[in-house]
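Notes to accompany the following structure.
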Amino acid sequence: MKTLLRYRLTDDLRSAGAALAAVVGVNILMVLFTNDRVYGSGTGAAMAFWALVVGIAALRADLRLGNQMGVCRREAFTASVVGTAVSCAAAAVGVAAVTAAGQLLTDGGGRLEVMEPYQMVYAPDTYVMPLSGYAAMAVFCAALYLCAAAFGMLCSAAFWRASRAGKWALGIGMGAAFGVGIPQARYRFGPALERPLELLLSNQWAADAAMLAFAAVFLGGTALLVRRAAIVPASR
């Protein structure tokens with residue numbers, strides 16, 4: 001299990017570093033090759049997509065590798081979840097550090113302004129936050145990335161267990177849910193959702209707890225799905 005955990009951490013941290021460097025590099029290139037003011041605010045969101053992709057890709061690979069190494073299914077699943085969670089926390093610290101460095105270097109002036117969505121919601125009146133602010137931002141990002149990774153694992157496990165027709169049904173159903181279902185639910189139940197949304201947007205710790213609760217539900221569903229999944233080669 002330790003070897004599998006080390007593998008997951010190494011793989012995730014490398015991809016996180018590459019993704020973070022790519023986003024920072026894009027912002028730097030925009031400053032160098034454009035004459036407009038650049039607002040660097042995509043690092044945190046981009047890393048959320050990284051976490052989703054990691055969740056989708058890591059689970060099956062870890063279960064297959066664990067099977068080859070003679071590691072039982074439960075330990076392989078645990079190593080995958082723990083490794084991904086630690087990587088999400090490390091990525092969150094990286095985003096907070098990059099944001100802090102960018103804000104300290106620009107101080108709101110020049111052609112580059114660094115402002116993450118977290119700060120726009122929970123600290124809109126402060127450009128350079130105190131150390132506690134960046135620590136709180138790292139906690140928020142860690143909860144967000146873990147939730148995204150857990151959702152990716154659930155999607156991966158669901159498609160893994162589904163038949164060919166079931167995969168088509170899942171794909172179409174998920175597209176309809178995100179494209180039609182969620183907007184319709186917001187329209188129909190908007191008044192009932194106003195108060196919970198207001199709480200989440202005004203209290204970071206409530207948002208953190210909600211994301212961790214969703215992550216726990218996603219991981220619980222994933223554990224049930226992979227419990228009896230046939231571990232076959234990737235080509236199958």
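Scheme for the structure tokens: letters A, B, ... for chains in order shown; per-chain residue numbers from 1; ligand numbers from 1 in order shown.
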
Do you know which residues are at most 9 Å from Leu225 in chain A counting only C-alpha atoms, after dropping those on the same chain fewer than 4 positions away, and could you put them as a compact mmCIF listing (two decimals) with N, CA and C atoms, in the first residue's frame?
```txt
# COMPACT_ATOMS: atom_id res chain seq x y z
N LEU A 154 -16.32 9.26 -8.67
CA LEU A 154 -17.67 8.69 -8.76
C LEU A 154 -18.07 8.50 -10.22
N ALA A 157 -16.11 5.56 -11.67
CA ALA A 157 -16.62 4.27 -11.19
C ALA A 157 -17.96 3.94 -11.83
N ALA A 158 -18.82 4.96 -12.00
CA ALA A 158 -20.13 4.72 -12.60
C ALA A 158 -20.00 4.26 -14.04
N TRP A 160 -17.40 2.84 -15.28
CA TRP A 160 -16.71 1.55 -15.25
C TRP A 160 -17.70 0.39 -15.07
N ARG A 161 -18.68 0.59 -14.19
CA ARG A 161 -19.64 -0.47 -13.90
C ARG A 161 -20.75 -0.58 -14.93
N GLY A 220 -18.31 7.79 -0.80
CA GLY A 220 -19.10 6.64 -0.35
C GLY A 220 -19.75 5.92 -1.51
N GLY A 221 -20.30 6.68 -2.45
CA GLY A 221 -20.88 6.07 -3.64
C GLY A 221 -19.84 5.35 -4.48
N ALA A 229 -16.53 -4.29 -8.70
CA ALA A 229 -16.17 -4.02 -10.11
C ALA A 229 -15.09 -5.01 -10.56
```

Write out as a ChimeraX atom specification all residues of range 24-235 of chain A that backbone DSSP assigns to alpha helix (DSSP H). /A:24-33,43-69,73-106,117-122,131-161,164-176,182-188,190-202,204-226

I need the residues in range 11-168 of chain A that are strand (DSSP E or B) according to DSSP; give them as a ChimeraX atom specification. /A:38-40,112-114

Output N, CA and C atoms of each residue in that selection to a file, as an mmCIF file, in the first residue's frame.
```cif
data_model
loop_
_atom_site.group_PDB
_atom_site.id
_atom_site.type_symbol
_atom_site.label_atom_id
_atom_site.label_comp_id
_atom_site.auth_asym_id
_atom_site.auth_seq_id
_atom_site.Cartn_x
_atom_site.Cartn_y
_atom_site.Cartn_z
ATOM 1 N N VAL A 38 -4.060 43.014 -17.600
ATOM 2 C CA VAL A 38 -4.329 41.585 -17.456
ATOM 3 C C VAL A 38 -4.800 41.304 -16.032
ATOM 4 N N TYR A 39 -5.902 40.577 -15.936
ATOM 5 C CA TYR A 39 -6.429 40.182 -14.627
ATOM 6 C C TYR A 39 -6.171 38.686 -14.447
ATOM 7 N N GLY A 40 -5.201 38.360 -13.632
ATOM 8 C CA GLY A 40 -4.864 36.963 -13.390
ATOM 9 C C GLY A 40 -5.760 36.372 -12.321
ATOM 10 N N LEU A 112 -0.687 43.975 -14.457
ATOM 11 C CA LEU A 112 -1.184 42.681 -13.986
ATOM 12 C C LEU A 112 -1.837 42.844 -12.623
ATOM 13 N N GLU A 113 -3.057 42.363 -12.515
ATOM 14 C CA GLU A 113 -3.766 42.358 -11.234
ATOM 15 C C GLU A 113 -4.189 40.931 -10.932
ATOM 16 N N VAL A 114 -3.739 40.400 -9.822
ATOM 17 C CA VAL A 114 -4.020 39.017 -9.434
ATOM 18 C C VAL A 114 -5.161 39.010 -8.425
#
```

Do a neighbour search on Thr3 in chain A at 10 Å with only C-alpha atoms, toss out local chain neighbours closer than 3 positions, and write the hits as a PyMOL selection string. chain A and resi 6-9+66+69+79

Selection from above, all heavy atoms, as a compact mmCIF listing (two decimals), in the first residue's frame, can you write it?
```txt
# COMPACT_ATOMS: atom_id res chain seq x y z
N ARG A 6 2.76 6.13 -2.58
CA ARG A 6 3.88 6.94 -3.07
C ARG A 6 3.74 7.21 -4.56
O ARG A 6 3.99 8.33 -5.03
CB ARG A 6 5.20 6.23 -2.78
CG ARG A 6 6.43 7.10 -3.02
CD ARG A 6 7.71 6.33 -2.74
NE ARG A 6 7.72 5.77 -1.40
CZ ARG A 6 7.71 4.47 -1.13
NH1 ARG A 6 7.69 3.60 -2.13
NH2 ARG A 6 7.72 4.04 0.11
N TYR A 7 3.31 6.21 -5.30
CA TYR A 7 3.10 6.38 -6.74
C TYR A 7 2.02 7.43 -7.02
O TYR A 7 2.18 8.30 -7.88
CB TYR A 7 2.71 5.05 -7.37
CG TYR A 7 2.08 5.19 -8.74
CD1 TYR A 7 2.87 5.41 -9.87
CD2 TYR A 7 0.70 5.10 -8.89
CE1 TYR A 7 2.28 5.54 -11.13
CE2 TYR A 7 0.11 5.24 -10.14
CZ TYR A 7 0.91 5.46 -11.25
OH TYR A 7 0.34 5.60 -12.47
N ARG A 8 0.91 7.35 -6.29
CA ARG A 8 -0.19 8.30 -6.51
C ARG A 8 0.24 9.72 -6.18
O ARG A 8 -0.06 10.67 -6.91
CB ARG A 8 -1.40 7.86 -5.68
CG ARG A 8 -2.59 8.80 -5.69
CD ARG A 8 -3.05 9.22 -7.05
NE ARG A 8 -3.08 8.12 -8.00
CZ ARG A 8 -2.79 8.25 -9.28
NH1 ARG A 8 -2.38 9.43 -9.76
NH2 ARG A 8 -2.85 7.22 -10.08
N LEU A 9 0.96 9.88 -5.07
CA LEU A 9 1.43 11.21 -4.68
C LEU A 9 2.39 11.78 -5.71
O LEU A 9 2.27 12.95 -6.11
CB LEU A 9 2.11 11.14 -3.31
CG LEU A 9 1.18 11.06 -2.09
CD1 LEU A 9 2.00 10.79 -0.83
CD2 LEU A 9 0.40 12.35 -1.92
N GLY A 66 -2.80 -1.84 -8.10
CA GLY A 66 -2.87 -2.57 -6.84
C GLY A 66 -3.11 -4.05 -7.05
O GLY A 66 -2.54 -4.90 -6.35
N MET A 69 0.08 -5.62 -8.02
CA MET A 69 1.03 -5.66 -6.91
C MET A 69 0.59 -6.58 -5.78
O MET A 69 1.29 -6.72 -4.78
CB MET A 69 1.25 -4.24 -6.36
CG MET A 69 1.87 -3.27 -7.35
SD MET A 69 1.83 -1.56 -6.74
CE MET A 69 2.75 -1.70 -5.22
N ALA A 79 -5.53 3.93 -0.69
CA ALA A 79 -4.31 4.62 -1.13
C ALA A 79 -4.62 5.66 -2.19
O ALA A 79 -4.07 6.76 -2.18
CB ALA A 79 -3.30 3.60 -1.66
```

Shell of 8 Å around Ala89 in chain A, only C-alpha atoms, local chain residues under 6 positions omitted, as number ranges by chain: A: 138-139, 141-142, 145-146

How would the residues just chosen look if you wrote them out with N, CA and C atoms as a PDB file, in the first residue's frame?
```pdb
ATOM      1  N   ALA A 138      -6.342  28.642   1.209  1.00  0.00           N
ATOM      2  CA  ALA A 138      -5.815  27.302   0.956  1.00  0.00           C
ATOM      3  C   ALA A 138      -6.781  26.229   1.454  1.00  0.00           C
ATOM      4  N   VAL A 139      -7.408  26.456   2.610  1.00  0.00           N
ATOM      5  CA  VAL A 139      -8.388  25.500   3.139  1.00  0.00           C
ATOM      6  C   VAL A 139      -9.590  25.399   2.202  1.00  0.00           C
ATOM      7  N   CYS A 141      -9.706  26.094  -1.056  1.00  0.00           N
ATOM      8  CA  CYS A 141      -9.303  25.435  -2.300  1.00  0.00           C
ATOM      9  C   CYS A 141      -9.118  23.938  -2.091  1.00  0.00           C
ATOM     10  N   ALA A 142      -8.572  23.537  -0.945  1.00  0.00           N
ATOM     11  CA  ALA A 142      -8.389  22.110  -0.669  1.00  0.00           C
ATOM     12  C   ALA A 142      -9.733  21.397  -0.624  1.00  0.00           C
ATOM     13  N   TYR A 145     -11.082  21.246  -4.257  1.00  0.00           N
ATOM     14  CA  TYR A 145     -10.375  20.274  -5.099  1.00  0.00           C
ATOM     15  C   TYR A 145     -10.709  18.848  -4.691  1.00  0.00           C
ATOM     16  N   LEU A 146     -10.832  18.601  -3.393  1.00  0.00           N
ATOM     17  CA  LEU A 146     -11.189  17.251  -2.949  1.00  0.00           C
ATOM     18  C   LEU A 146     -12.600  16.898  -3.419  1.00  0.00           C
TER      19      LEU A 146
END
```

Could you state the separation of CA of Met47 in chain A and CA of Asp208 in chain A in Å, given to one decimal place? 16.6 Å

To one decimal in Å, tell me the separation between CA of Val81 in chain A and CA of Ala209 in chain A.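 Atom-to-atom, CA of Val81 in chain A to CA of Ala209 in chain A, that is 18.3 Å.
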
Phe218 in chain A environment, 12 Å, only C-alpha atoms, sequence neighbours closer than 4 positions dropped, as number ranges by chain: A: 55, 81, 146-158, 211-214, 222-225

Mind running range 16-66 of chain A against range 91-98 of chain A at 9 Å and telling me each contacting residue's nearest atom pair with the distance in Å (one decimal), counting only C-alpha atoms, chain and number ascending, as JSON lines?
```
{"residue": "A:Ala16", "atom": "CA", "partner": "A:Ala91", "partner_atom": "CA", "distance": 6.2}
{"residue": "A:Gly17", "atom": "CA", "partner": "A:Ala91", "partner_atom": "CA", "distance": 7.8}
{"residue": "A:Leu20", "atom": "CA", "partner": "A:Val95", "partner_atom": "CA", "distance": 7.5}
{"residue": "A:Val24", "atom": "CA", "partner": "A:Val98", "partner_atom": "CA", "distance": 8.3}
{"residue": "A:Thr43", "atom": "CA", "partner": "A:Val95", "partner_atom": "CA", "distance": 6.7}
{"residue": "A:Gly44", "atom": "CA", "partner": "A:Val95", "partner_atom": "CA", "distance": 6.2}
{"residue": "A:Met47", "atom": "CA", "partner": "A:Ala91", "partner_atom": "CA", "distance": 7.5}
{"residue": "A:Ala51", "atom": "CA", "partner": "A:Ala91", "partner_atom": "CA", "distance": 8.9}
```

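CA of Ala210 in chain A lies 23.2 Å from CA of Leu59 in chain A.
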
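Across A:Val53, A:Ala19, A:Leu170, A:Ala135, the tightest approach to Tyr118 in chain A is made by A:Ala135 when counting only C-alpha atoms.
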
Residues within 9 Å of Trp205 in chain A, only C-alpha atoms, excluding chain neighbours under 5 positions, as an MDAnalysis selection string: chainID A and resid 136 140 200 210
